Every structure is written in C-alpha cells, then in structure tokens.
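Novice: One file: final14.cif (mmCIF, C-alpha atoms).
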```cif
data_run
loop_
_atom_site.label_atom_id
_atom_site.label_comp_id
_atom_site.auth_asym_id
_atom_site.auth_seq_id
_atom_site.Cartn_x
_atom_site.Cartn_y
_atom_site.Cartn_z
CA MET P 6 89.58 58.46 51.17
CA THR P 7 88.15 55.43 49.31
CA ASP P 8 88.78 53.96 45.87
CA ALA P 9 85.06 53.72 45.04
CA PRO P 10 83.49 56.94 43.75
CA ALA P 11 80.75 58.71 45.65
CA ILE P 12 77.62 59.58 43.66
CA LEU P 13 75.52 62.71 44.16
CA SER P 14 72.22 62.38 42.29
CA VAL P 15 70.56 65.69 41.45
CA VAL P 16 66.91 65.68 42.53
CA SER P 17 66.16 69.38 41.96
CA ALA P 18 67.98 72.18 40.15
CA GLY P 19 67.08 75.75 39.35
CA PRO P 20 68.15 77.51 36.15
CA MET P 21 71.80 78.35 35.51
CA VAL P 22 73.26 75.66 37.79
CA SER P 23 76.48 74.49 36.15
CA ILE P 24 79.95 73.04 36.58
CA GLN P 25 82.68 75.67 36.78
CA ASP P 26 86.38 75.82 37.49
CA VAL P 27 88.89 78.66 37.27
CA GLY P 28 88.05 79.07 33.56
CA ARG P 29 89.81 78.96 30.18
CA PRO P 30 91.82 82.15 29.52
CA ARG P 31 93.61 83.15 26.31
CA HIS P 32 90.83 82.13 23.91
CA ARG P 33 88.89 85.38 23.51
CA ARG P 34 90.57 86.11 20.17
CA PHE P 35 88.64 83.08 18.89
CA GLY P 36 85.36 84.35 20.34
CA ILE P 37 85.49 81.98 23.33
CA PRO P 38 84.99 83.60 26.77
CA ALA P 39 86.92 82.44 29.81
CA SER P 40 83.74 81.38 31.66
CA GLY P 41 84.46 80.36 35.27
CA PRO P 42 82.73 81.31 38.53
CA MET P 43 80.53 84.38 38.84
CA ASP P 44 81.90 84.78 42.39
CA ARG P 45 85.54 83.72 42.11
CA ARG P 46 86.38 84.35 45.74
CA SER P 47 83.56 82.17 47.06
CA ALA P 48 84.41 79.39 44.61
CA ALA P 49 88.04 79.36 45.73
CA LEU P 50 87.01 79.37 49.41
CA ALA P 51 84.56 76.51 48.86
CA ASN P 52 87.34 74.36 47.41
CA ALA P 53 89.82 75.35 50.11
CA ALA P 54 87.31 74.46 52.84
CA VAL P 55 87.38 70.78 51.79
CA GLY P 56 91.11 70.63 51.01
CA ASN P 57 90.94 70.93 47.22
CA ASP P 58 93.00 73.06 44.89
CA THR P 59 91.24 76.45 44.77
CA GLY P 60 90.70 76.18 41.00
CA ALA P 61 89.20 72.67 41.03
CA PRO P 62 85.83 71.97 39.35
CA LEU P 63 82.76 72.52 41.53
CA VAL P 64 79.04 73.21 41.19
CA GLU P 65 77.86 76.80 40.79
CA VAL P 66 74.36 77.15 42.29
CA SER P 67 72.02 79.95 41.27
CA ALA P 68 69.24 81.49 43.36
CA GLY P 69 67.00 78.73 41.95
CA GLY P 70 68.73 76.30 44.31
CA LEU P 71 69.93 72.71 44.11
CA GLY P 72 69.03 69.41 45.75
CA VAL P 73 71.30 66.35 45.71
CA GLU P 74 71.11 62.90 47.26
CA CYS P 75 74.24 60.99 48.16
CA THR P 76 73.28 57.61 46.68
CA VAL P 77 76.64 55.82 46.85
CA ALA P 78 79.34 56.06 49.56
CA ALA P 79 79.84 59.16 51.72
CA VAL P 80 81.63 62.44 51.08
CA THR P 81 82.30 65.77 52.79
CA VAL P 82 81.08 68.89 50.97
CA SER P 83 81.11 72.65 51.47
CA VAL P 84 78.54 75.32 50.60
CA VAL P 85 80.00 78.82 50.26
CA GLY P 86 78.71 82.13 48.88
CA GLY P 87 75.88 84.62 49.34
CA SER P 88 73.45 84.05 52.21
CA PHE P 89 72.01 80.73 51.08
CA LEU P 90 70.23 78.22 53.33
CA VAL P 91 71.15 74.53 53.63
CA ASP P 92 68.99 71.58 54.66
CA GLN P 93 70.79 68.29 55.34
CA ALA P 94 68.60 65.29 56.04
CA GLY P 95 66.01 67.52 57.72
CA HIS P 96 68.51 69.59 59.71
CA ARG P 97 68.75 73.26 58.71
CA HIS P 98 71.99 75.19 58.52
CA THR P 99 73.07 78.56 57.22
CA GLY P 100 75.32 78.64 54.18
CA TRP P 101 79.08 79.00 54.57
CA CYS P 102 79.38 75.54 56.04
CA VAL P 103 81.04 72.15 55.67
CA ARG P 104 78.85 69.05 55.99
CA THR P 105 79.47 65.32 55.56
CA LEU P 106 76.83 63.44 53.57
CA GLY P 107 76.27 59.80 54.37
CA SER P 108 74.87 57.32 51.87
CA GLY P 109 71.15 58.02 51.39
CA GLU P 110 71.29 61.56 52.83
CA ARG P 111 69.91 64.53 50.93
CA LEU P 112 71.30 68.07 50.82
CA ASP P 113 69.15 70.98 49.67
CA ILE P 114 70.50 74.47 48.94
CA ARG P 115 68.07 77.35 48.51
CA ALA P 116 68.23 81.11 48.28
CA GLY P 117 68.35 83.07 51.52
CA PRO P 118 68.23 86.77 52.40
CA ALA P 119 70.88 87.87 49.88
CA GLY P 120 73.13 86.70 47.10
CA ASN P 121 72.54 85.15 43.67
CA TRP P 122 75.33 82.55 43.56
CA CYS P 123 76.90 79.99 45.84
CA TYR P 124 79.18 76.97 45.37
CA LEU P 125 79.01 73.30 46.25
CA ALA P 126 82.50 71.78 46.47
CA VAL P 127 83.21 68.12 47.17
CA ALA P 128 86.14 66.63 49.08
CA GLY P 129 87.63 64.67 46.21
CA SER P 130 87.75 65.03 42.45
CA LEU P 131 84.53 65.84 40.65
CA ARG P 132 84.40 63.68 37.50
CA VAL P 133 83.44 66.12 34.73
CA GLY P 134 84.05 66.71 31.05
CA GLN P 135 86.53 69.29 29.79
CA TRP P 136 86.76 71.56 26.77
CA LEU P 137 89.98 73.32 25.78
CA GLY P 138 91.60 72.22 29.02
CA SER P 139 88.89 73.47 31.38
CA ALA P 140 85.73 72.10 33.00
CA ALA P 141 84.16 75.59 33.11
CA THR P 142 80.77 75.46 31.39
CA HIS P 143 80.14 77.76 28.45
CA VAL P 144 76.40 77.88 29.07
CA PRO P 145 75.14 78.87 25.56
CA SER P 146 76.90 75.87 23.99
CA GLY P 147 76.89 73.51 26.98
CA ARG P 148 80.57 72.74 26.42
CA GLY P 149 82.80 72.05 29.41
CA GLY P 150 81.53 70.33 32.53
CA GLY P 151 77.95 71.07 31.52
CA VAL P 152 74.71 72.42 32.91
CA VAL P 153 73.42 70.55 35.99
CA ASP P 154 69.83 69.34 35.61
CA VAL P 155 67.49 66.99 37.46
CA ASP P 156 68.72 63.38 37.13
CA THR P 157 72.33 64.48 36.60
CA GLU P 158 74.68 62.16 38.48
CA LEU P 159 77.79 63.80 39.89
CA ALA P 160 80.55 61.25 40.44
CA VAL P 161 83.26 62.08 42.98
CA ASP P 162 86.51 60.20 42.46
CA ARG P 163 88.66 59.54 45.55
CA PRO P 164 85.98 60.93 47.89
CA ARG P 165 87.13 61.98 51.35
CA VAL P 166 85.14 61.88 54.56
CA ALA P 167 86.41 64.54 56.96
CA ARG P 168 83.79 64.92 59.68
CA GLU P 169 86.27 66.95 61.73
CA LEU P 170 85.74 69.75 59.19
CA ASP P 171 81.95 69.83 59.67
CA GLY P 172 80.78 73.18 60.94
CA VAL P 173 80.46 76.85 60.07
CA ILE P 174 82.95 78.79 57.91
CA ASP P 175 83.59 82.40 58.94
CA PRO P 176 82.74 84.45 55.82
CA PRO P 177 85.16 87.18 54.72
CA THR P 178 84.17 90.76 55.46
CA LEU P 179 83.28 91.37 51.80
CA ALA P 180 80.71 88.54 51.75
CA THR P 181 77.12 89.68 51.46
CA GLY P 182 75.24 89.46 54.73
CA PRO P 183 71.51 89.54 55.49
CA GLY P 184 71.62 93.26 56.23
CA ASP P 185 73.50 94.20 53.06
CA ALA P 186 70.73 93.64 50.52
CA ALA P 187 69.45 97.26 50.65
CA ARG P 188 72.80 98.95 51.26
CA PRO P 189 73.65 101.45 48.46
CA VAL P 190 76.78 100.66 46.46
CA VAL P 191 78.75 103.16 44.37
CA ILE P 192 79.87 101.72 41.02
CA ARG P 193 82.43 103.49 38.86
CA ILE P 194 81.89 103.48 35.10
CA VAL P 195 83.83 104.33 31.92
CA PRO P 196 81.77 105.88 29.06
CA GLY P 197 81.67 103.62 26.03
CA PRO P 198 82.03 104.41 22.31
CA GLN P 199 78.25 104.88 21.88
CA GLU P 200 77.78 107.67 24.41
CA HIS P 201 76.92 110.12 21.59
CA ARG P 202 73.88 107.94 20.74
CA PHE P 203 72.06 108.95 23.93
CA VAL P 204 69.76 111.98 24.15
CA ALA P 205 70.99 115.04 26.03
CA GLY P 206 70.90 114.50 29.77
CA ALA P 207 70.71 110.71 29.67
CA LEU P 208 74.31 110.20 30.77
CA ASP P 209 73.84 112.70 33.59
CA ARG P 210 70.92 110.61 34.84
CA LEU P 211 73.10 107.50 34.58
CA VAL P 212 75.75 108.88 36.93
CA THR P 213 73.45 110.73 39.35
CA GLY P 214 70.28 108.65 39.66
CA PRO P 215 69.86 105.58 41.88
CA PHE P 216 69.44 102.19 40.22
CA ARG P 217 68.18 98.93 41.68
CA ALA P 218 69.29 95.45 40.65
CA THR P 219 66.34 93.39 39.40
CA ALA P 220 65.75 89.65 39.06
CA GLY P 221 66.50 89.96 35.33
CA PHE P 222 70.02 88.57 35.16
CA ASP P 223 72.07 85.70 33.84
CA ARG P 224 75.78 84.87 33.63
CA MET P 225 76.21 87.50 30.91
CA GLY P 226 74.51 90.57 32.32
CA LEU P 227 72.27 92.21 34.93
CA ARG P 228 69.24 94.40 34.28
CA LEU P 229 68.89 97.53 36.44
CA GLU P 230 65.78 99.56 37.25
CA GLY P 231 66.09 103.33 37.45
CA PRO P 232 65.80 106.59 35.49
CA ASP P 233 65.10 106.26 31.77
CA LEU P 234 68.19 106.53 29.57
CA GLU P 235 66.70 107.41 26.19
CA LEU P 236 68.57 106.67 22.99
CA ALA P 237 68.50 109.03 20.04
CA ASP P 238 68.87 106.17 17.53
CA ALA P 239 68.80 102.68 19.02
CA LEU P 240 69.05 100.90 15.66
CA SER P 241 72.42 102.58 15.01
CA ILE P 242 74.13 100.61 17.81
CA PRO P 243 75.29 97.20 16.53
CA SER P 244 75.84 94.21 18.79
CA GLU P 245 79.51 93.80 19.67
CA ALA P 246 81.82 92.03 22.07
CA VAL P 247 82.36 93.60 25.49
CA THR P 248 84.96 93.12 28.19
CA ARG P 249 84.34 91.85 31.71
CA GLY P 250 82.45 94.39 33.81
CA ALA P 251 80.94 96.37 30.91
#
```
Can you dump the structure from the file as structure tokens?

Specialist:
Amino acid sequence: MTDAPAILSVVSAGPMVSIQDVGRPRHRRFGIPASGPMDRRSAALANAAVGNDTGAPLVEVSAGGLGVECTVAAVTVSVVGGSFLVDQAGHRHTGWCVRTLGSGERLDIRAGPAGNWCYLAVAGSLRVGQWLGSAATHVPSGRGGGVVDVDTELAVDRPRVARELDGVIDPPTLATGPGDAARPVVIRIVPGPQEHRFVAGALDRLVTGPFRATAGFDRMGLRLEGPDLELADALSIPSEAVTRGA
C-alpha cells in the first residue's frame, strides 16, 4: 500500500460503463431507484478478489468493453463476470482473473463468448462522487459515481500491489460459460394488471413460445424476440413504475 494514489486513465469505453456500488435502497418512494450492479454476485466477487469490502465502488463494464492505462503508480485489479476477454500489455487472459498493473501498462476488457456485464475492481479505494450516500450511478441523471467515458481518470486512494493474487479466479457454477449462450432457460412470470389489454391467445403464446434475448437492452430492460403478443388497445396502457424483474 502507498500514500500516493494510482491513476487509471480511460482510453476506450463502450456505452453504459459506469461506477456502481451496492446501491441506495429506501428511496423508491421518492422515485429514486436503488441502482447498483446488474450482476450483484459478480460485483461482490470482484471486490472480494482484491480484498475490498464486497459493496465497495467499482467499474461496471458493458459488452462495449473498456480500456484503461495505469499512468501513475501501480495497482492490483480484478475482472469478474460473464465470459469477457482481457488483454494486459499485449498478454491475453480470460476474464475471472486478478492482474497487477504497473505504471504505463494498459488493460483492455472486451466482450467474449457470453455475458453482457463484468466488473473491474481495484485493490484500494476508488475515489468517486456520491449521491444520497451511495456511489451507484443513476444513469439517466448521471448522479452518483458517474458514467465512465474516454478521458475519465479513475483515482485509486491507498492502492495496493498484491502480485501474489495474480492469476485465475474459479467462477461459481452459476456463472455463464462459453457453452451456455444457447442453453434454454425457463423464466417464471406473474401476470400484470394489464393482461386484459392483450388479444385472445397472446398470453398463451407468451408462456408457451420460445423467446430469444436480443442486443436491444440497457440497465432498465431487455428486448426479446419471439411470437407476436398483440395488444387490443396499446394506447390504453399508461407508463408506470415497475418493480425489479418485471
């Protein structure tokens, strides 16, 4: 550990890369979502892999990828989640790893065979802004730690270099592997208050037909491709708040 901060300069960043922590609960009555990681398990494991509290702030990386250069000092980092690929100073690694970045070294994270989200955790304390007691980014407003763009500088206070941790992390059995991308998954649903707005037979197609996840997604929702689910009167359904998982 050193007193001088380490600096990770962002040289490339896909859409929806942001700072997240465990989130800000107990504010939904004010219209403020909890935010936090899309993959909470992977985020917690990424922090644990470098000796941080599991709810500490870290970088959530989308399938668009992220590239950082360690411009000041050295620091140990972890990359956890999905089946992403990691390039460190020209050496390629699979995701689910811990690597130590020396001054001047670059780390690139890009999408691999499966998974939409992974996490970059740093051994130390990521210096980020907070909103309502949390660094989790509320993406539409940009409040919290903030969206990570090109030229963002990520300062790491009290950075730790732990080369003895460098290596591969064994992913949990629920982690998505390269062969899982086409594996069918059964999802349970609860009919909502607008079920009577669908034409006859539409709900039967919803629960019997196969659907495929598309690339149309963000932190709020995911678009599926499958049988048509026709509405009898689409304009009669107002926009309203929904709970997690709807």

Novice: With all atoms listed in the file as the atoms that count, which of P:Trp122, P:Phe89, P:Phe203, P:Trp136 lies nearest to Phe222 of chain P?

Specialist: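 Closest residue, counting all atoms listed in the file: P:Trp122.
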
Novice: Smallest atom-to-atom distance to Ser40 of chain P: which of P:Thr157, P:Thr76, P:Ser139, P:Ser83, using all atoms listed in the file?

Specialist: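 For Ser40 of chain P, the nearest of the candidates is P:Ser139.
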
Novice: Residues of segment 38-92 of chain P that approach segment 162-170 of chain P to 10 Å or less, counting all atoms listed in the file: could you list each one with the shortest pair of atoms and its distance in Å to one decimal, rows by chain and increasing residue number, as CSV?

Specialist:
```
residue,atom,partner,partner_atom,distance
P:Ala54,CA,P:Leu170,CA,8.1
P:Val55,CA,P:Leu170,CA,7.6
P:Gly56,CA,P:Arg165,CA,9.5
P:Ala78,CA,P:Pro164,CA,8.4
P:Ala79,CA,P:Val166,CA,6.6
P:Val80,CA,P:Val166,CA,5.0
P:Thr81,CA,P:Val166,CA,5.1
P:Val82,CA,P:Val166,CA,8.9
P:Ser83,CA,P:Leu170,CA,9.5
```

Novice: Taking into account only C-alpha atoms, which residue in the set P:Gly95, P:Gly70, P:Pro20, P:Gly86 is nearest to Asn52 of chain P?

Specialist: P:Gly86

Novice: Which one is closest to Gly221 of chain P: P:Ser146, P:Asn121, P:Ser244, P:Gln25? Count all atoms listed in the file.

Specialist: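 Of P:Ser146, P:Asn121, P:Ser244, P:Gln25, the one nearest Gly221 of chain P is P:Asn121, counting all atoms listed in the file.
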
Novice: Between atom CA of Leu211 of chain P and atom CA of Leu236 of chain P, measure the distance and give it in Å to one decimal.

Specialist: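 These two atoms are separated by 12.5 Å.
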
Novice: Run the PyMOL selection byres ((chain P and resi 231) around 6) against the file shown and list the residues it catches, as number ranges by chain.

Specialist: P: 216, 230, 232

Novice: For the residues in that selection, give me C-alpha atoms as a PDB file, in the frame of the given file.

Specialist:
```pdb
ATOM      1  CA  PHE P 216      69.440 102.190  40.220  1.00  0.00           C
ATOM      2  CA  GLU P 230      65.780  99.560  37.250  1.00  0.00           C
ATOM      3  CA  PRO P 232      65.800 106.590  35.490  1.00  0.00           C
TER       4      PRO P 232
END
```

Novice: When you count only C-alpha atoms, which of these residues is closest to Leu240 of chain P: P:Ala141, P:Val212, P:Val22, P:Arg202?

Specialist: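 Closest to Leu240 of chain P, using only C-alpha atoms: P:Arg202.
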
Novice: Please return segment 137-173 of chain P, rebuilt to N, CA and C atoms, as a short mmCIF file (atom, residue, chain, number, x, y, z; two decimals), keeping the file's coordinate frame.

Specialist:
```
data_model
loop_
_atom_site.label_atom_id
_atom_site.label_comp_id
_atom_site.auth_asym_id
_atom_site.auth_seq_id
_atom_site.Cartn_x
_atom_site.Cartn_y
_atom_site.Cartn_z
N LEU P 137 88.82 72.42 25.86
CA LEU P 137 89.98 73.32 25.78
C LEU P 137 90.69 73.42 27.12
N GLY P 138 90.83 72.27 27.79
CA GLY P 138 91.60 72.22 29.02
C GLY P 138 90.92 72.72 30.27
N SER P 139 89.60 72.94 30.21
CA SER P 139 88.89 73.47 31.38
C SER P 139 87.52 72.81 31.50
N ALA P 140 87.07 72.62 32.75
CA ALA P 140 85.73 72.10 33.00
C ALA P 140 84.68 73.21 33.10
N ALA P 141 85.11 74.49 33.01
CA ALA P 141 84.16 75.59 33.11
C ALA P 141 83.12 75.48 32.00
N THR P 142 81.86 75.62 32.36
CA THR P 142 80.77 75.46 31.39
C THR P 142 80.54 76.76 30.63
N HIS P 143 80.59 76.67 29.30
CA HIS P 143 80.14 77.76 28.45
C HIS P 143 78.66 77.51 28.23
N VAL P 144 77.82 78.22 28.98
CA VAL P 144 76.40 77.88 29.07
C VAL P 144 75.68 77.89 27.72
N PRO P 145 75.89 78.90 26.83
CA PRO P 145 75.14 78.87 25.56
C PRO P 145 75.38 77.61 24.73
N SER P 146 76.59 77.06 24.78
CA SER P 146 76.90 75.87 23.99
C SER P 146 76.82 74.58 24.80
N GLY P 147 76.87 74.69 26.13
CA GLY P 147 76.89 73.51 26.98
C GLY P 147 78.23 72.82 27.05
N ARG P 148 79.25 73.38 26.41
CA ARG P 148 80.57 72.74 26.42
C ARG P 148 81.25 72.94 27.77
N GLY P 149 82.14 72.04 28.11
CA GLY P 149 82.80 72.05 29.41
C GLY P 149 82.15 71.01 30.30
N GLY P 150 82.12 71.28 31.59
CA GLY P 150 81.53 70.33 32.53
C GLY P 150 80.05 70.14 32.33
N GLY P 151 79.36 71.18 31.86
CA GLY P 151 77.95 71.07 31.52
C GLY P 151 77.00 71.69 32.53
N VAL P 152 75.79 71.92 32.06
CA VAL P 152 74.71 72.42 32.91
C VAL P 152 74.21 71.27 33.78
N VAL P 153 73.89 71.56 35.04
CA VAL P 153 73.42 70.55 35.99
C VAL P 153 71.90 70.58 36.02
N ASP P 154 71.28 69.46 35.64
CA ASP P 154 69.83 69.34 35.61
C ASP P 154 69.38 68.21 36.55
N VAL P 155 68.05 68.12 36.72
CA VAL P 155 67.49 66.99 37.46
C VAL P 155 67.91 65.68 36.79
N ASP P 156 68.26 64.71 37.57
CA ASP P 156 68.72 63.38 37.13
C ASP P 156 70.19 63.36 36.73
N THR P 157 70.88 64.50 36.79
CA THR P 157 72.33 64.48 36.60
C THR P 157 72.97 63.70 37.75
N GLU P 158 73.94 62.87 37.44
CA GLU P 158 74.68 62.16 38.48
C GLU P 158 76.10 62.72 38.53
N LEU P 159 76.47 63.23 39.69
CA LEU P 159 77.79 63.80 39.89
C LEU P 159 78.66 62.76 40.59
N ALA P 160 79.65 62.26 39.87
CA ALA P 160 80.55 61.25 40.44
C ALA P 160 81.75 61.95 41.07
N VAL P 161 82.12 61.52 42.26
CA VAL P 161 83.26 62.08 42.98
C VAL P 161 84.33 61.00 43.10
N ASP P 162 85.41 61.15 42.36
CA ASP P 162 86.51 60.20 42.46
C ASP P 162 87.34 60.49 43.71
N ARG P 163 87.85 59.44 44.33
CA ARG P 163 88.66 59.54 45.55
C ARG P 163 87.97 60.42 46.60
N PRO P 164 86.71 60.11 46.91
CA PRO P 164 85.98 60.93 47.89
C PRO P 164 86.61 60.83 49.28
N ARG P 165 86.59 61.94 50.00
CA ARG P 165 87.13 61.98 51.35
C ARG P 165 86.01 62.29 52.34
N VAL P 166 86.06 61.60 53.45
CA VAL P 166 85.14 61.88 54.56
C VAL P 166 85.95 62.52 55.66
N ALA P 167 85.65 63.78 55.95
CA ALA P 167 86.41 64.54 56.96
C ALA P 167 85.41 65.20 57.91
N ARG P 168 84.81 64.39 58.77
CA ARG P 168 83.79 64.92 59.68
C ARG P 168 84.36 65.96 60.64
N GLU P 169 85.67 65.94 60.85
CA GLU P 169 86.27 66.95 61.73
C GLU P 169 86.17 68.35 61.14
N LEU P 170 85.89 68.44 59.83
CA LEU P 170 85.74 69.75 59.19
C LEU P 170 84.30 70.27 59.28
N ASP P 171 83.36 69.42 59.64
CA ASP P 171 81.95 69.83 59.67
C ASP P 171 81.77 71.02 60.61
N GLY P 172 81.03 72.00 60.12
CA GLY P 172 80.78 73.18 60.94
C GLY P 172 80.63 74.42 60.08
N VAL P 173 80.68 75.56 60.73
CA VAL P 173 80.46 76.85 60.07
C VAL P 173 81.79 77.43 59.62
#
```
